[in-house]
There are 2 protein chains.
Amino acid sequence: MSVLTTEPDAVPAGEEPPDTGERHRLTAVTGLAALSLDAVASVAYGPEAIVLVLAAAGAHGLGCTLPVTLAIAALLVVLVASYRQVIAAFPDGGGSYAVARAHLGERTSLVAAASLVLDYVLNVAVAVTAGVAALTSAFPALYGDRLWLCLAVLALITGVNLRGIVESAKAFIVPTVVFVAAIFVLIVAGLLRSAPVSTAATAGHATVVTGNATSVGVLLLLKAFASGCSALTGVEAIANAVPCFRVPRVRRAQRAEVALGAVLGLMLIGLAVLIGRFHLQPVAGVTVLAQLADASLGHNWAFYVIQFATMVLLALSANTSFGGLPVLLKLLARDNYAPHVFALKADRQVHRHGVLALAVVSAALLVFSGGDTNTLVPMFAIGVFVGFTIAQVGMVRHWRRGRNPGWRGRALLNGSGAVLTGVAAVVVTASKFTEGAWLIVIAVPLLVAGCTTVHRAYGRIGERLGLGRIPQAPHRERSLVLVPVSSLSRLTSEALTAAASLGDEVRAVTVCYPDAEDRTAQHALERSWAQWDPGVPLVRLPCARRSLGRPIAAYVRQVAAAEPGTRVTVLIPETEPERLWQRLLQNQRGAVVAHAVRRETDAVICRLRFRLP
Amino acid sequence: MSVLTTEPDAVPAGEEPPDTGERHRLTAVTGLAALSLDAVASVAYGPEAIVLVLAAAGAHGLGCTLPVTLAIAALLVVLVASYRQVIAAFPDGGGSYAVARAHLGERTSLVAAASLVLDYVLNVAVAVTAGVAALTSAFPALYGDRLWLCLAVLALITGVNLRGIVESAKAFIVPTVVFVAAIFVLIVAGLLRSAPVSTAATAGHATVVTGNATSVGVLLLLKAFASGCSALTGVEAIANAVPCFRVPRVRRAQRAEVALGAVLGLMLIGLAVLIGRFHLQPVAGVTVLAQLADASLGHNWAFYVIQFATMVLLALSANTSFGGLPVLLKLLARDNYAPHVFALKADRQVHRHGVLALAVVSAALLVFSGGDTNTLVPMFAIGVFVGFTIAQVGMVRHWRRGRNPGWRGRALLNGSGAVLTGVAAVVVTASKFTEGAWLIVIAVPLLVAGCTTVHRAYGRIGERLGLGRIPQAPHRERSLVLVPVSSLSRLTSEALTAAASLGDEVRAVTVCYPDAEDRTAQHALERSWAQWDPGVPLVRLPCARRSLGRPIAAYVRQVAAAEPGTRVTVLIPETEPERLWQRLLQNQRGAVVAHAVRRETDAVICRLRFRLP
């Protein structure tokens with residue numbers, strides 16, 4: 001998945017990459033290596049999802065692994081052909097949101113956006129659990145703590161992203177190549193054998209075959225197909241990153257897309273052949289990939305290398321969401337569908353909110369699933385297929401509008417892709433509804449409703465702000481600055497100096513209460529004020545209740561009403577503590593006054609931070 | 001306990017009570033009813049604490065309940081006599097903090113304050129668990145959920161205090177009288193019987209007798225004595241509330257104190273006699289008070305009335321901490337030992353922090369104890385006894401300084417009180433060290449260290465601010481106002497108007513980035529600026545990194561360095577959303593700029609909230 005991950009400005013840490021020349025861009029080969037991460041990583045959980053469904057029909061069912069995989073490979077061919085066309089039609093990088101926006105209207109594009117948001121979140125959860133499953137397959141003692149391991153990996157990725165790494169698609173080339181090479185070695189070695197070299201990894205584990213039927217139903221095959229389609233997540237990545245390629249961009253990207261399809265298809269079919277050959281059965285605690293590595297290469301260093309490479313690749317795959325989601329949110333924010341804060345080109349702190357939000361939601365999903373990949377994969381698949389379907393329906397519309405020569409063939413290709421992925425989405429949703437798919441069915445409409453509400457609110461605000469129109473000319477008004485005072489110190493002097501510089505008139509105000517203790521303090525203040533004689537009147541605001549902000553706010557309203565055309569400013573002086581913990585020592589008078597004045601008046605609030613000398 | 005609860009300004013919601021006349025003040029009788037709440041409520045857990053310790057020595061041990069109670073009653077006599085003297089010596093209301101501050105120096109007074117703070121917190125936890133224990137004794141089905149019930153009761157009390165109730169000592173009169181009357185009915189009814197009417201409440205519960213010794217050791221008796229002393233918490237309340245009484249205040253307060261001692265002593269001895277007569281044994285899940293009610297009155301409506309009255313009284317007792325702790329913190333803040341925010345006579349929001357902090361710490365204690373009163377009672381007792389001991393040692397010092405006629409007798413009385421409570425504190429601490437007392441042993445020095453650190457920091461800050469000295473006269477400086485701008489709207493016009501009113505010179509600043517998209521936006525802004533022609537220059541601040549606040553802060557520093565004697569103000573315009581949720585729609589540009597400018601410069605920050613028309 002990660003539809004927008006590799007767009008050129010998917011740089012999380014607020015660093016604008018310098019405008020690199022053509023020679024830094026991707027060729028078909030480097031592009032394939034750099035952009036196939038997510039697709040290749042899905043090999044770690046896709047075949048497993050098929051095996052797990054088919055195990056319900058025992059050995060008979062497991063025998064259907066290869067046919068089901070071949071059907072998925074056929075869908076892969078359709079998808080790759082379809083995305084070749086998307087590349088040609090949207091050379092600026094598309095994604096289902098962009099295609100839907102161009103061809104299917106607002107609501108559909110928001111559905112695409114909502115499913116993308118969910119995909120980014122689920123990608124994190126799925127990749128983390130699958131990575132930890134690779135680890136616990138190698139070290140079974142850790143299996144009991146898998147949820148904690150998942151949360152630890154998530155915390156690590158979150159920490160790295162909070163620090164702000166400069167992410168580059170090229171950083172992914174080496175691990176991707178290592179992983180793909182390892183898988184092909186595994187497949188070739190397995191094909192040269194007729195029986196497993198080792199089954200050490202599964203020793204002592206219970207198999208999870210849940211049935212022993214003599215025939216395999218159509219529904220089961222459909223479910224296996226739908227679950228296995230999760231192996232196809234990520235094939236859209238290249239289509240979204242066309243601008244990253246060297247000219248001729250479209251041609252190179254198309255070649256990379258085809259190569260990605262070939263690599264992914266070969267891996268899936270090869271693994272399916274081995275699953276059949278070694279009569280593999282799903283086992284709790286050992287992934288299918290780990291069993292295959294064991295069977296093909298033996299329980300030696302090669303087995304551990306494959307598990308480790310899988311874990312690293314999946315962690316990197318989880319990491320892509322942290323780069324991709326902000327880009328999507330930025331697009332949504334620009335179109336006024338998400339809060340503008342996501343479009344803010346700003347300092348690190350804003351970015352952090354997004355990273356933390358993604359981490360918290362992913363952690364909730366991890367806890368929800370108990371750290372189990374196979375609970376999350378169907379939910380993930382739904383979102384991905386909804387995106388695929390929308391993108392392809394959009395492409396059909398695209399060809400119909402253009403009516404260029406051969407448009408019927410192209411539309412047919414995209415249309416059949418849409419039907420296949422649409423059916424897959426429906427099957428997964430229906431068959432997994434009670435096991436978590438309901439979450440997606442609820443979340444998508446909620447997200448869409450949220451987006452439209454935000455859009456409408458921005459429309460109203462823009463109207464009222466007169467955005468896009470030349471505003472009234474500014475004018476100068478008489479300025480009255482009020483300074484709340486409670487005692488006399490260097491800070492008071494500093495505040496009155498600032499106030500005198502800002503205002504045509506300055507008044508100090510002090511709130512006084514009827515109790516005896518306060519009366520003494522008031523007299524002391526008035527005496528020293530008279531002695532100081534700063535040339536600024538001290539206005540006493542009596543207040544029967546113990547309130548500090550309200551009397552000042554009331555006075556501001558009173559002054560503003562009595563002297564129209566005067567701009568009232570409240571200047572609040574505060575000391576800036578030397579050390580962070582000393583903020584606890586501040587009396588918060590300033591915050592209380594600012595709060596009341598902001599709530600109840602239109603006055604400008606000035607806060608003067610006085611650094612202690 | 002609640003040493004300061006009933007001081008006249010223990011009014012949490014920021015309401016100053018009007019200065020009522022004498023006739024609204026307390027007589028000896030109403031004072032007794034109004035101020036004995038905490039002391040009377042401790043009857044619900046004090047006898048139980050004794051029985052639980054003695055049960056370790058089986059029936060033999062339980063036979064010592066009455067002698068141990070008599071020893072506690074003797075200590076009560078000493079304490080009451082001692083507090084009569086405190087009333088005479090500190091007619092303005094004392095409390096161990098005030099006595100220690102007057103006679104024992106800073107450090108001891110801080111130890112007293114720290115143990116008081118802990119007492120307020122523990123009082124909440126003990127009263128809530130004991131109240132819930134009264135409830136679960138009546139409805140055993142709820143016993144398994146007692147921790148949740150405790151947290152729910154705490155949430156209720158917290159909620160009430162967040163809303164801000166106007167608390168009055170008089171509101172406590174009715175429930176206190178009902179409870180005391182019910183206990184006396186129970187005792188008299190029990191004395192008229194020779195065998196229990198009913199043991200229905202304990203049916204099916206396991207007794208927790210843990211031993212069957214033939215002799216009872218001195219250490220066990222000491223432990224029982226020390227645990228039972230928790231029944232004495234609250235006897236100091238009247239001494240702290242002398243100003244609430246009608247003249248002659250001291251005489252009336254002394255009479256109320258003696259009456260409180262008599263009521264409490266009679267209740268304790270009466271209950272101890274019944275415990276012996278009915279051969280009562282501690283039972284998990286049914287309080288001793290519930291067993292006695294059962295045995296004396298039968299398992300009928302009277303039993304439920306007593307349980308309900310106990311629960312209500314204990315909840316009210318927990319509530320007194322919410323009124324008392326803020327008063328103590330205010331005293332500490334005035335003496336510069338606690339952050340000044342606690343002394344702020346201000347609007348509700350500040351008070352809320354204290355309520356929430358107390359609730360969170362109490363909730364932590366509830367979870368720590370698992371909702372069990374008997375885990376918390378010893379910790380509670382330690383703090384209370386430390387306070388008692390310090391107050392009495394202070395009184396000895398007081399009499400020695402005065403050397404009035406008869407001072408030796410008075411000093412002897414207070415001195416023996418100090419020794420007895422001091423021994424009790426040491427015994428409880430030693431015997432319960434591993435079961436939670438370590439928490440108190442760690443917390444008290446930490447709190448004291450915190451107070452002295454705060455005190456020293458305030459001293460330094462006051463020195464630097466020149467507090468108490470007449471500061472320099474204020475002067476007028478040239479004023480330059482900078483307005484960050486990113487687009488043109490009514491808000492910009494409003495901001496420039498405000499800036500023109502405040503400044504001798506106004507400059508608009510805009511941060512621009514090298515990417516193409518931003519360049520387009522910049523050109524559009526510059527074009528419309530030229531078209532608008534507001535008479536204010538638009539300064540472009542180029543920035544290679546995606547940073548918004550830093551370039552502006554850097555420009556402020558540059559301007560301030562280039563034009564000394566000019567006061568630089570940054571005016572940040574923001575829209576004030578109509579609805580609360582629309583705050584999410586704000587782009588946070590203002591917050592980012594304000595943060596950077598505050599961190600990196602000395603400029604005044606003005607925030608203009610523009611209400612959408």
# chains A, B, ... in the order shown; residues from 1 in each chain; ligands from 1
>>> residues_around(residues="range 508-525 of chain A", least_positions_apart="4", cutoff="9 Å", atoms="only C-alpha atoms", output="PyMOL selection string")
(chain A and resi 481-488+496+529-530+536-549+551-552) or (chain B and resi 16+19)
>>> calpha_fit_rmsd(fixed="chain A", moving="chain B")
0.4 Å
>>> interface_residues(of="chain A", to="chain B", cutoff="6 Å", atoms="only C-alpha atoms", output="number ranges by chain")
A: 14-16, 339-341, 345-347, 465-467, 471, 473-477, 479, 489-490, 493, 496-497, 500-503, 534, 545-548, 585, 587-588, 604-608
>>> atom_distance(atom1="CA of Glu574 in chain A", atom2="CA of Glu600 in chain B")
15.9 Å
>>> residues_around(residues="Leu439 in chain B", least_positions_apart="6", cutoff="12 Å", atoms="only C-alpha atoms", output="ChimeraX atom specification")
/B:115,118,122,365,368,376,378-380,382-383,429,432-433,445-447
>>> residues_around(residues="Leu186 in chain A", least_positions_apart="5", cutoff="10 Å", atoms="only C-alpha atoms", output="PyMOL selection string")
chain A and resi 180-181+191+267+270-271+274+289+292-297+302-303+306
>>> write_last_selection(atoms="C-alpha atoms", output="mmCIF file, in the first residue's frame")
data_model
loop_
_atom_site.group_PDB
_atom_site.id
_atom_site.type_symbol
_atom_site.label_atom_id
_atom_site.label_comp_id
_atom_site.auth_asym_id
_atom_site.auth_seq_id
_atom_site.Cartn_x
_atom_site.Cartn_y
_atom_site.Cartn_z
ATOM 1 C CA VAL A 180 14.136 -10.646 -2.399
ATOM 2 C CA ALA A 181 17.404 -12.469 -3.018
ATOM 3 C CA LEU A 191 12.478 -26.784 -5.595
ATOM 4 C CA MET A 267 7.695 -15.145 -5.294
ATOM 5 C CA GLY A 270 7.175 -20.210 -5.882
ATOM 6 C CA LEU A 271 6.171 -20.142 -2.233
ATOM 7 C CA LEU A 274 6.802 -25.201 -1.908
ATOM 8 C CA LEU A 289 7.721 -18.314 5.662
ATOM 9 C CA LEU A 292 9.479 -22.886 4.354
ATOM 10 C CA ALA A 293 12.928 -21.538 5.207
ATOM 11 C CA ASP A 294 13.362 -24.429 7.603
ATOM 12 C CA ALA A 295 12.220 -26.978 5.034
ATOM 13 C CA SER A 296 14.281 -25.587 2.141
ATOM 14 C CA LEU A 297 17.471 -24.452 3.785
ATOM 15 C CA ALA A 302 20.364 -19.318 6.641
ATOM 16 C CA PHE A 303 17.075 -19.776 8.512
ATOM 17 C CA ILE A 306 15.811 -15.020 6.456
#
>>> atom_distance(atom1="CA of Val99 in chain B", atom2="CA of Ala318 in chain B")
24.9 Å
>>> select_by_dssp(residues="range 30-175 of chain B", states="alpha helix (DSSP H)", output="PyMOL selection string")
chain B and resi 30-35+37-41+46-54+58-62+65-89+95-103+105-138+146-163+173-175
>>> closest_residue(among="A:Val273, A:Leu26, A:Leu147, A:Ala130", to="Val188 in chain A", atoms="only C-alpha atoms")
A:Val273
>>> residues_around(residues="Val128 in chain B", least_positions_apart="2", cutoff="9 Å", atoms="only C-alpha atoms", output="tab-separated table (two decimals) with N, CA and C atoms, in the first residue's frame")
chain	number	residue	atom	x	y	z
B	123	ASN	N	-6.50	10.66	54.19
B	123	ASN	CA	-7.85	10.75	54.72
B	123	ASN	C	-8.86	10.43	53.63
B	124	VAL	N	-8.62	10.97	52.43
B	124	VAL	CA	-9.53	10.68	51.32
B	124	VAL	C	-9.57	9.17	51.07
B	125	ALA	N	-8.39	8.57	50.97
B	125	ALA	CA	-8.33	7.15	50.63
B	125	ALA	C	-8.95	6.29	51.73
B	126	VAL	N	-8.59	6.59	52.99
B	126	VAL	CA	-9.11	5.78	54.11
B	126	VAL	C	-10.62	5.92	54.21
B	130	ALA	N	-13.20	2.89	53.71
B	130	ALA	CA	-14.01	2.50	54.86
B	130	ALA	C	-15.49	2.66	54.55
B	131	GLY	N	-15.84	3.73	53.82
B	131	GLY	CA	-17.24	3.93	53.44
B	131	GLY	C	-17.72	2.79	52.54
B	132	VAL	N	-16.87	2.41	51.58
B	132	VAL	CA	-17.25	1.32	50.69
B	132	VAL	C	-17.32	0.01	51.45
B	133	ALA	N	-16.45	-0.16	52.47
B	133	ALA	CA	-16.51	-1.38	53.27
B	133	ALA	C	-17.83	-1.45	54.02
B	150	CYS	N	-14.79	2.09	45.15
B	150	CYS	CA	-13.99	3.15	45.75
B	150	CYS	C	-13.69	4.24	44.73
B	151	LEU	N	-13.25	3.81	43.53
B	151	LEU	CA	-12.90	4.79	42.50
B	151	LEU	C	-14.14	5.57	42.07
B	153	VAL	N	-16.79	6.27	44.00
B	153	VAL	CA	-17.10	7.24	45.06
B	153	VAL	C	-16.13	8.43	44.97
B	154	LEU	N	-14.84	8.10	44.75
B	154	LEU	CA	-13.85	9.18	44.62
B	154	LEU	C	-14.20	10.08	43.45
B	311	MET	N	-21.54	5.02	55.73
B	311	MET	CA	-21.06	5.31	54.38
B	311	MET	C	-21.13	6.81	54.08
B	314	LEU	N	-18.59	8.81	56.11
B	314	LEU	CA	-17.22	8.64	55.64
B	314	LEU	C	-17.00	9.38	54.34
B	315	ALA	N	-18.01	9.40	53.47
B	315	ALA	CA	-17.87	10.16	52.23
B	315	ALA	C	-17.70	11.64	52.53
B	317	SER	N	-16.49	12.80	55.25
B	317	SER	CA	-15.17	12.95	55.85
B	317	SER	C	-14.10	13.04	54.76
B	318	ALA	N	-14.23	12.22	53.71
B	318	ALA	CA	-13.29	12.31	52.59
B	318	ALA	C	-13.37	13.70	51.97
B	366	LEU	N	-5.70	4.30	46.38
B	366	LEU	CA	-6.77	3.30	46.38
B	366	LEU	C	-6.34	2.07	45.60
B	371	GLY	N	-8.24	-1.13	47.55
B	371	GLY	CA	-9.53	-0.79	48.16
B	371	GLY	C	-9.67	-1.29	49.58
B	373	THR	N	-9.17	-0.85	53.51
B	373	THR	CA	-8.94	0.17	54.53
B	373	THR	C	-7.73	-0.15	55.39
